[in-house]
>>> print(open('final_35.cif').read())   # mmCIF, C-alpha atoms
data_start
#
loop_
_atom_site.label_atom_id
_atom_site.label_comp_id
_atom_site.auth_asym_id
_atom_site.auth_seq_id
_atom_site.Cartn_x
_atom_site.Cartn_y
_atom_site.Cartn_z
CA MET P 859 8.13 37.43 -14.28
CA ASP P 860 5.16 35.15 -14.78
CA ILE P 861 5.52 33.99 -11.21
CA VAL P 862 5.37 37.54 -9.90
CA LEU P 863 2.31 38.24 -12.02
CA ALA P 864 0.66 35.02 -10.89
CA ALA P 865 1.15 35.89 -7.24
CA THR P 866 -0.84 39.10 -7.61
CA SER P 867 -4.19 37.30 -7.90
CA ASP P 868 -5.80 35.03 -5.34
CA GLU P 869 -6.28 32.23 -7.86
CA GLY P 870 -2.73 32.51 -9.10
CA LEU P 871 -1.45 32.44 -5.55
CA ALA P 872 -3.41 29.28 -4.82
CA SER P 873 -2.13 27.43 -7.89
CA LEU P 874 1.37 28.68 -7.13
CA GLY P 875 1.15 27.23 -3.64
CA LYS P 876 -0.20 23.94 -4.96
CA ALA P 877 2.61 23.65 -7.49
CA ILE P 878 5.25 24.37 -4.83
CA ALA P 879 3.64 21.88 -2.41
CA PHE P 880 3.51 19.21 -5.11
CA GLY P 881 7.14 19.70 -6.01
CA VAL P 882 8.33 19.75 -2.40
CA GLY P 883 6.26 16.70 -1.49
CA VAL P 884 7.50 14.56 -4.35
CA GLY P 885 11.04 15.78 -3.77
CA LEU P 886 10.98 14.79 -0.10
CA GLY P 887 9.51 11.41 -1.04
CA ALA P 888 12.35 10.94 -3.50
CA VAL P 889 14.91 11.78 -0.78
CA GLY P 890 13.65 8.95 1.41
CA ALA P 891 13.51 6.44 -1.42
CA GLY P 892 16.96 7.50 -2.60
CA ILE P 893 18.46 6.77 0.81
CA GLY P 894 16.64 3.44 0.93
CA ILE P 895 17.71 2.31 -2.53
CA GLY P 896 21.28 3.32 -1.80
CA ASN P 897 21.19 1.22 1.37
CA ILE P 898 19.82 -1.79 -0.51
CA PHE P 899 22.45 -1.78 -3.24
CA GLY P 900 25.22 -0.98 -0.74
CA SER P 901 24.23 -3.96 1.40
CA MET P 902 23.99 -6.12 -1.71
CA ILE P 903 27.54 -5.21 -2.72
CA GLN P 904 28.80 -5.99 0.77
CA ALA P 905 26.92 -9.28 0.90
CA VAL P 906 28.22 -10.43 -2.48
CA ALA P 907 31.73 -9.33 -1.60
CA ARG P 908 31.61 -11.42 1.55
CA GLN P 909 29.85 -14.45 0.12
CA PRO P 910 29.88 -14.46 -3.69
CA GLU P 911 28.18 -17.87 -3.85
CA LEU P 912 24.94 -16.37 -2.49
CA ARG P 913 24.54 -13.91 -5.37
CA GLY P 914 21.78 -15.90 -7.09
CA GLU P 915 19.60 -16.08 -4.01
CA LEU P 916 20.23 -12.48 -3.03
CA THR P 917 19.37 -11.02 -6.44
CA GLY P 918 15.68 -11.78 -6.10
CA ILE P 919 15.54 -10.27 -2.62
CA GLN P 920 17.48 -7.25 -3.85
CA TRP P 921 15.01 -6.47 -6.63
CA LEU P 922 12.08 -7.03 -4.31
CA GLY P 923 13.55 -4.56 -1.85
CA PHE P 924 14.32 -2.14 -4.64
CA ALA P 925 10.75 -2.20 -5.95
CA LEU P 926 9.20 -1.92 -2.50
CA THR P 927 11.38 1.08 -1.67
CA GLU P 928 10.98 2.74 -5.04
CA ALA P 929 7.21 2.53 -4.72
CA VAL P 930 7.41 5.03 -1.84
CA VAL P 931 8.17 7.82 -4.32
CA PHE P 932 5.08 6.93 -6.25
CA TYR P 933 2.92 7.05 -3.15
CA ALA P 934 4.26 10.56 -2.64
CA LEU P 935 3.66 11.34 -6.32
CA LEU P 936 0.10 10.04 -6.20
CA GLY P 937 -0.64 11.84 -2.95
CA GLY P 938 0.77 15.02 -4.43
CA LEU P 939 -1.25 14.63 -7.61
CA LEU P 940 -4.42 13.97 -5.61
CA ALA P 941 -3.80 17.06 -3.49
CA TYR P 942 -2.96 19.09 -6.58
CA VAL P 943 -6.12 18.07 -8.42
CA LEU P 944 -8.62 17.86 -5.55
CA VAL P 945 -7.73 20.71 -3.17
CA MET F 483 13.54 31.28 -30.86
CA SER F 484 10.86 29.91 -33.14
CA LEU F 485 7.24 29.35 -32.26
CA VAL F 486 6.47 27.10 -35.21
CA LEU F 487 6.81 24.01 -33.04
CA ALA F 488 4.09 25.02 -30.61
CA VAL F 489 1.28 23.71 -32.76
CA GLU F 490 -1.05 23.12 -29.86
CA GLU F 491 -0.81 23.27 -26.14
CA PHE F 492 1.25 20.46 -24.71
CA SER F 493 -0.69 18.12 -22.43
CA PRO F 494 1.02 14.84 -21.56
CA GLU F 495 -2.03 13.66 -19.60
CA HIS F 496 -3.84 13.43 -22.92
CA GLU F 497 -2.34 9.97 -23.36
CA PHE F 498 -4.49 8.67 -20.53
CA VAL F 499 -7.86 9.98 -21.71
CA LEU F 500 -10.15 7.05 -22.46
CA ASP F 501 -12.84 7.84 -25.00
CA PRO F 502 -15.55 5.19 -25.26
CA TRP F 503 -15.30 3.75 -28.78
CA VAL F 504 -18.12 1.24 -28.46
CA PRO F 505 -20.41 2.64 -25.75
CA PHE F 506 -21.88 -0.11 -23.60
CA GLU F 507 -23.30 0.55 -20.17
CA LEU F 508 -24.74 -2.00 -17.78
CA GLY F 509 -26.75 0.07 -15.34
CA PRO F 510 -24.28 2.29 -13.50
CA ILE F 511 -21.30 0.25 -14.68
CA ASP F 512 -19.48 1.59 -17.73
CA LEU F 513 -18.31 -1.33 -19.85
CA SER F 514 -17.48 0.61 -22.99
CA ILE F 515 -14.74 -0.61 -25.28
CA ASN F 516 -11.95 1.96 -25.10
CA LYS F 517 -8.22 2.22 -25.61
CA ALA F 518 -7.38 0.35 -22.39
CA VAL F 519 -9.67 -2.54 -23.34
CA VAL F 520 -8.06 -2.82 -26.77
CA TYR F 521 -4.61 -2.83 -25.20
CA LEU F 522 -5.70 -5.47 -22.68
CA CYS F 523 -7.07 -7.73 -25.43
CA LEU F 524 -3.89 -7.23 -27.44
CA GLY F 525 -1.80 -8.02 -24.38
CA GLY F 526 -3.77 -11.17 -23.65
CA LEU F 527 -3.43 -12.32 -27.25
CA VAL F 528 0.31 -11.67 -27.34
CA THR F 529 0.75 -13.46 -24.00
CA ILE F 530 -1.05 -16.54 -25.30
CA LEU F 531 0.94 -16.55 -28.54
CA PHE F 532 4.16 -16.00 -26.58
CA GLY F 533 3.46 -18.96 -24.30
CA VAL F 534 2.37 -21.23 -27.14
CA TRP F 535 5.33 -20.28 -29.32
CA PHE F 536 8.00 -20.77 -26.67
CA MET F 537 6.67 -23.61 -24.57
CA ARG F 538 4.02 -25.64 -26.33
CA PHE F 539 5.12 -27.48 -29.46
CA GLY F 540 8.09 -29.05 -31.18
CA LEU F 541 9.72 -29.95 -27.87
CA SER F 542 12.58 -32.41 -28.09
CA LEU F 543 15.41 -33.80 -25.99
CA ARG F 544 17.90 -31.79 -28.01
CA PRO F 545 16.33 -28.38 -27.53
CA SER F 546 16.33 -25.75 -30.23
CA ARG F 547 17.07 -22.14 -29.40
CA ARG F 548 13.34 -21.44 -29.10
CA GLN F 549 12.87 -24.24 -26.61
CA THR F 550 15.93 -23.17 -24.62
CA THR F 551 14.52 -19.66 -24.28
CA GLY F 552 11.19 -21.00 -23.08
CA GLU F 553 12.84 -23.39 -20.66
CA SER F 554 15.16 -20.81 -19.16
CA LEU F 555 12.23 -18.44 -18.70
CA TYR F 556 10.24 -21.19 -17.03
CA ASP F 557 13.21 -22.10 -14.88
CA ALA F 558 13.77 -18.49 -13.80
CA LEU F 559 10.10 -18.06 -12.89
CA GLN F 560 10.03 -21.34 -10.98
CA GLY F 561 13.28 -20.67 -9.14
CA GLN F 562 12.84 -16.98 -8.36
CA ILE F 563 9.11 -16.63 -7.82
CA ALA F 564 7.55 -19.94 -6.88
CA GLU F 565 10.15 -21.92 -4.95
CA GLY F 566 10.66 -20.77 -1.41
CA ASN F 567 7.57 -18.59 -1.43
CA LEU F 568 4.84 -21.07 -2.27
CA PRO F 569 4.74 -24.18 -0.07
CA SER F 570 5.64 -27.33 -1.99
CA ARG F 571 2.15 -28.83 -1.68
CA ALA F 572 0.58 -25.78 -3.35
CA ILE F 573 3.22 -25.13 -5.99
CA GLY F 574 1.50 -27.23 -8.65
CA ARG F 575 -1.72 -25.32 -8.20
CA TRP F 576 -0.42 -21.78 -7.92
CA PHE F 577 2.77 -21.70 -9.99
CA PRO F 578 0.74 -21.43 -13.23
CA TYR F 579 -1.11 -18.44 -11.80
CA VAL F 580 1.93 -16.45 -10.71
CA ALA F 581 3.88 -17.34 -13.87
CA SER F 582 1.09 -16.23 -16.18
CA LEU F 583 0.59 -13.15 -14.03
CA PHE F 584 4.23 -12.28 -14.60
CA LEU F 585 4.05 -12.90 -18.35
CA PHE F 586 0.81 -10.96 -18.75
CA ILE F 587 1.96 -7.89 -16.82
CA TRP F 588 5.38 -7.99 -18.46
CA ILE F 589 3.91 -8.07 -21.94
CA LEU F 590 1.32 -5.40 -21.12
CA ASN F 591 4.12 -3.16 -19.82
CA LEU F 592 6.30 -3.81 -22.86
CA ILE F 593 3.47 -3.20 -25.32
CA GLY F 594 2.96 0.09 -23.51
CA PHE F 595 6.33 1.29 -24.76
CA ILE F 596 5.85 0.34 -28.41
CA PRO F 597 4.19 3.09 -30.48
CA LEU F 598 0.99 1.63 -31.92
CA PRO F 599 -1.73 3.21 -34.05
CA ILE F 600 -4.38 2.73 -31.36
CA SER F 601 -5.73 6.15 -30.47
CA SER F 602 -8.84 8.25 -30.88
CA GLU F 603 -6.84 11.16 -32.26
CA LYS F 604 -6.57 11.27 -36.05
CA PHE F 605 -4.14 12.73 -38.52
CA HIS F 606 -4.57 13.21 -42.27
CA ALA F 607 -2.38 11.37 -44.72
CA PHE F 608 -3.04 10.14 -48.25
CA GLY F 609 -6.60 11.45 -47.98
CA LEU F 610 -7.35 9.14 -45.05
CA ASP F 611 -8.04 9.72 -41.36
CA LEU F 612 -5.45 7.52 -39.68
CA PRO F 613 -5.17 7.07 -35.93
CA THR F 614 -2.17 8.77 -34.36
CA TRP F 615 0.70 6.53 -33.33
CA GLY F 616 1.15 6.75 -29.62
CA ILE F 617 2.19 4.89 -26.51
CA TYR F 618 -0.21 3.83 -23.81
CA ALA F 619 0.08 1.10 -21.18
CA ALA F 620 -2.99 -0.70 -19.91
CA THR F 621 -1.13 -1.13 -16.62
CA ALA F 622 -0.94 2.66 -16.29
CA ASN F 623 -4.63 2.45 -15.46
CA LEU F 624 -5.64 1.91 -11.85
CA SER F 625 -8.68 -0.20 -12.77
CA VAL F 626 -6.52 -2.80 -14.52
CA THR F 627 -3.97 -3.17 -11.74
CA LEU F 628 -6.69 -3.11 -9.09
CA ALA F 629 -8.51 -5.94 -10.86
CA LEU F 630 -5.29 -7.99 -10.95
CA ALA F 631 -4.67 -7.23 -7.28
CA PHE F 632 -8.24 -8.30 -6.44
CA ILE F 633 -7.60 -11.72 -8.02
CA THR F 634 -4.56 -12.19 -5.80
CA PHE F 635 -6.44 -10.86 -2.78
CA GLY F 636 -9.35 -13.23 -3.36
CA ALA F 637 -7.06 -16.19 -4.02
CA THR F 638 -5.12 -15.48 -0.83
CA HIS F 639 -8.13 -15.65 1.45
CA VAL F 640 -9.89 -18.47 -0.36
CA GLU F 641 -6.77 -20.62 -0.18
CA GLY F 642 -6.08 -19.62 3.42
CA VAL F 643 -9.56 -20.69 4.47
CA ARG F 644 -9.44 -23.87 2.38
CA TYR F 645 -6.12 -25.11 3.77
CA ASN F 646 -6.48 -23.97 7.40
CA GLY F 647 -10.22 -23.72 7.99
CA PRO F 648 -11.86 -20.37 8.68
CA VAL F 649 -11.01 -20.27 12.40
CA GLY F 650 -7.42 -21.35 11.97
CA TYR F 651 -6.85 -18.94 9.12
CA PHE F 652 -8.23 -15.83 10.76
CA LYS F 653 -6.43 -16.74 13.99
CA SER F 654 -3.19 -16.86 12.02
CA TRP F 655 -3.53 -13.15 11.25
CA ILE F 656 -2.78 -12.37 14.89
CA PRO F 657 0.94 -12.69 15.61
CA ALA F 658 1.73 -15.53 18.00
CA GLY F 659 2.43 -14.53 21.57
CA ALA F 660 0.76 -11.15 21.33
CA PRO F 661 -0.17 -9.91 24.81
CA LYS F 662 -3.92 -10.08 25.51
CA PRO F 663 -4.48 -6.43 26.46
CA LEU F 664 -3.03 -5.26 23.17
CA LEU F 665 -5.33 -7.42 21.04
CA GLY F 666 -7.83 -4.60 20.65
CA LEU F 667 -5.10 -2.59 18.98
CA ILE F 668 -3.43 -5.39 17.00
CA VAL F 669 -6.52 -6.93 15.40
CA PRO F 670 -7.69 -3.76 13.60
CA LEU F 671 -4.13 -3.09 12.47
CA GLU F 672 -3.79 -6.57 11.00
CA VAL F 673 -7.15 -6.29 9.21
CA ILE F 674 -6.16 -2.91 7.80
CA SER F 675 -2.80 -4.27 6.69
CA GLN F 676 -4.56 -7.02 4.73
CA PHE F 677 -6.46 -4.35 2.81
CA MET F 678 -3.36 -2.18 2.45
CA ARG F 679 -1.83 -5.06 0.49
CA LEU F 680 -4.54 -4.53 -2.09
CA VAL F 681 -3.71 -0.83 -2.31
CA SER F 682 0.05 -1.20 -2.34
CA LEU F 683 0.03 -4.03 -4.88
CA SER F 684 -2.12 -2.12 -7.36
CA VAL F 685 -0.79 1.38 -6.79
CA ARG F 686 2.85 0.28 -7.09
CA LEU F 687 2.41 -1.08 -10.60
CA TYR F 688 0.03 1.67 -11.69
CA ALA F 689 2.12 4.56 -10.41
CA ASN F 690 5.34 3.10 -11.77
CA MET F 691 3.97 2.79 -15.27
CA LEU F 692 2.17 6.13 -15.10
CA ALA F 693 5.30 7.88 -13.87
CA GLY F 694 7.44 6.20 -16.52
CA HIS F 695 5.15 7.32 -19.32
CA MET F 696 4.79 10.82 -17.88
CA LEU F 697 8.54 11.19 -17.49
CA PHE F 698 9.14 10.12 -21.07
CA LEU F 699 6.42 12.38 -22.44
CA VAL F 700 7.53 15.37 -20.40
CA MET F 701 11.13 14.90 -21.54
CA ILE F 702 10.04 14.95 -25.16
CA GLY F 703 7.45 17.64 -24.44
CA LEU F 704 10.07 20.10 -23.16
CA ILE F 705 10.66 20.94 -26.83
CA PHE F 706 7.04 22.00 -27.19
CA ILE F 707 6.72 23.69 -23.79
CA PHE F 708 9.63 26.03 -24.46
CA SER F 709 9.16 25.85 -28.26
CA SER F 710 12.88 26.01 -28.85
CA TYR F 711 14.95 24.08 -31.36
CA TYR F 712 17.93 24.15 -29.01
CA LEU F 713 16.14 21.71 -26.73
CA ILE F 714 15.68 19.01 -29.36
CA VAL F 715 19.03 17.32 -28.77
CA PRO F 716 19.05 17.23 -24.94
CA SER F 717 15.40 16.36 -24.53
CA ILE F 718 15.53 13.53 -27.06
CA LEU F 719 18.71 12.32 -25.37
CA PHE F 720 17.13 12.33 -21.90
CA GLY F 721 13.92 10.90 -23.31
CA THR F 722 15.89 8.00 -24.78
CA VAL F 723 17.66 7.43 -21.46
CA VAL F 724 14.34 7.32 -19.63
CA TYR F 725 12.88 5.03 -22.29
CA ILE F 726 15.76 2.56 -22.10
CA PHE F 727 15.70 2.59 -18.29
CA GLU F 728 11.97 1.87 -18.30
CA VAL F 729 12.07 -0.85 -20.94
CA ALA F 730 15.22 -2.57 -19.70
CA ILE F 731 14.65 -2.44 -15.95
CA VAL F 732 11.36 -1.08 -14.60
CA VAL F 733 9.02 -3.07 -16.85
CA THR F 734 10.52 -6.42 -15.84
CA ILE F 735 11.01 -5.58 -12.17
CA GLN F 736 7.44 -4.41 -11.70
CA ALA F 737 6.01 -7.54 -13.34
CA PHE F 738 8.41 -9.64 -11.27
CA VAL F 739 7.52 -7.92 -8.02
CA PHE F 740 3.79 -8.18 -8.65
CA ALA F 741 4.08 -11.93 -9.28
CA LEU F 742 6.53 -12.42 -6.40
CA LEU F 743 4.32 -10.62 -3.89
CA SER F 744 1.30 -12.58 -5.14
CA ALA F 745 3.25 -15.79 -4.50
CA ILE F 746 4.35 -14.60 -1.06
CA TYR F 747 0.82 -13.60 -0.04
CA ILE F 748 -0.77 -16.82 -1.28
CA GLY F 749 2.00 -18.95 0.20
CA GLY F 750 1.75 -17.09 3.49
CA ALA F 751 -1.98 -17.71 3.65
CA ILE F 752 -1.60 -21.43 2.93
CA GLU F 753 1.14 -21.96 5.52
CA PRO F 754 0.81 -19.14 8.03
CA GLU F 755 3.33 -20.57 10.51
CA HIS F 756 6.19 -18.86 8.68
#
>>> encode(input="final_35.cif", output="structure tokens")
Amino acid sequence: MDIVLAATSDEGLASLGKAIAFGVGVGLGAVGAGIGIGNIFGSMIQAVARQPELRGELTGIQWLGFALTEAVVFYALLGGLLAYVLV
Amino acid sequence: MSLVLAVEEFSPEHEFVLDPWVPFELGPIDLSINKAVVYLCLGGLVTILFGVWFMRFGLSLRPSRRQTTGESLYDALQGQIAEGNLPSRAIGRWFPYVASLFLFIWILNLIGFIPLPISSEKFHAFGLDLPTWGIYAATANLSVTLALAFITFGATHVEGVRYNGPVGYFKSWIPAGAPKPLLGLIVPLEVISQFMRLVSLSVRLYANMLAGHMLFLVMIGLIFIFSSYYLIVPSILFGTVVYIFEVAIVVTIQAFVFALLSAIYIGGAIEPEH
């Protein structure tokens, strides 16, 4: 109901569009990072299953990859926030 | 349901407002003491006490539990961050930097999740104006993380120039065997990528902590947004899940990654052949 009311004014329409764009942008960013993080942990499981003695060395690389991939969501989040606030 | 809960409008971004408590301006630069500065000082103090308590005194050949903790922490930092990323001739000089970087960021992040009475909002109790208990992380502030990233950035290039000479160092930016006609394209890209390190290093930590705090506050704030008692159980449950995830995993990983990338960048500048 509020949404319908909001869409009747120009200002409301603009903020509605910004909110939708923000949500969609962050969501798409999360899709990419989700795939990436899944890949990393999947590969880690395979690697440890094949060569369990390498677990110690691989753990550091795994967390590095995890953090680097996860940061992508936050770039999307920051970009979305910037667009939401500035535009 | 009931509207009693909706005392005031819910605004999670209020946590990140920095009111100047001791105004101090140097020309155009604002150096006021505010919440972030207090948290930074507290974090620095706790880091120093932490290091002194675990690693500085009462050391013996039959280690106590305190000494074992300090030693295993040292060992983990040396093995995971420094070795293999910093060249062996620079490890003595730069291991202290990356290790204290890890400890400092880790403790700043952890302090950010402990409710402390450091806030400019007041509440009345016992006839006194007491500061509200709240959470705030100094690392959820872009200026803090950018300053830390600038130290790494500066150290990288200073060390690169010192070990390889200016010509050798800047030549090492260009990948070996790059075809001549493409140099006009590659050189700007490499220069930009050096500066992108600054952005990615700082924004990763900042956005992670900001998002963690926002997520936690929004989870709790759902009660106030919908002003419904039914939401108290699920939102406190999800809030707790987010809180535990942040404190147990994200806080340590982000500090670890910041220190690890610092070590990789500095090591890569000292020995660019890799």
>>> residues_around(input="final_35.cif", residues="Gly881 (chain P)", least_positions_apart="3", cutoff="12 Å", atoms="only C-alpha atoms", output="MDAnalysis selection string")
chainID P and resid 874:878 884:888 934:939 941:942
>>> interface_residues(input="final_35.cif", of="chain F", to="chain P", cutoff="9 Å", atoms="all atoms listed in the file", output="JSON, numbers by chain")
{"F": [562, 563, 682, 685, 686, 687, 689, 690, 693, 732, 735, 736, 738, 739, 742, 743]}
>>> closest_residue(input="final_35.cif", among="F:Ile668, F:Ile726, F:Val643, F:Cys523", to="Gly694 (chain F)", atoms="only C-alpha atoms")
F:Ile726
>>> atom_distance(input="final_35.cif", atom1="CA of Phe584 (chain F)", atom2="CA of Tyr618 (chain F)")
19.1 Å
>>> resolve_selection(input="final_35.cif", expression="the PyMOL selection byres ((chain F and resi 581) around 10)", output="ChimeraX atom specification")
/F:555-556,558-560,563-564,576-580,582-586,738,741-742,745
>>> resolve_selection(input="final_35.cif", expression="the PyMOL selection byres ((chain P and resi 899-903) around 9)", output="list in words")
Gly894, Ile895, Gly896, Asn897, Ile898, Gln904, Ala905, Val906, Ala907, Arg908, Arg913, Leu916, Thr917, Gln920 and Phe924 of chain P
>>> residues_around(input="final_35.cif", residues="region 648-662 of chain F", least_positions_apart="5", cutoff="12 Å", atoms="all atoms listed in the file", output="PyMOL selection string")
chain F and resi 638-643+667-676+750-756
>>> atom_distance(input="final_35.cif", atom1="CA of Pro910 (chain P)", atom2="CA of Asp557 (chain F)")
21.5 Å
>>> closest_residue(input="final_35.cif", among="P:Thr927, P:Ala891, P:Glu911, P:Phe880", to="Leu940 (chain P)", atoms="only C-alpha atoms")
P:Phe880
>>> resolve_selection(input="final_35.cif", expression="the PyMOL selection byres ((chain F and resi 621) around 12)", output="ChimeraX atom specification")
/F:498,517-519,521-522,525,586-595,618-620,622-631,684-695,733,736-737,740
>>> residues_around(input="final_35.cif", residues="Pro599 (chain F)", least_positions_apart="4", cutoff="6 Å", atoms="all atoms listed in the file", output="ChimeraX atom specification")
/F:613-615
>>> atom_distance(input="final_35.cif", atom1="CA of Leu699 (chain F)", atom2="CA of Ile714 (chain F)")
13.3 Å
>>> axis_aligned_box(input="final_35.cif", around="region 734-751 of chain F", padding_each_side="6 Å", output="lines of an AutoDock Vina configuration file")
center_x = 4.5
center_y = -11.7
center_z = -6.1
size_x = 25.0
size_y = 26.5
size_z = 31.5
>>> residues_near_point(input="final_35.cif", point="(13.7, -24.0, -22.0)", cutoff="12 Å", atoms="all atoms listed in the file", output="ChimeraX atom specification")
/F:533,535-560
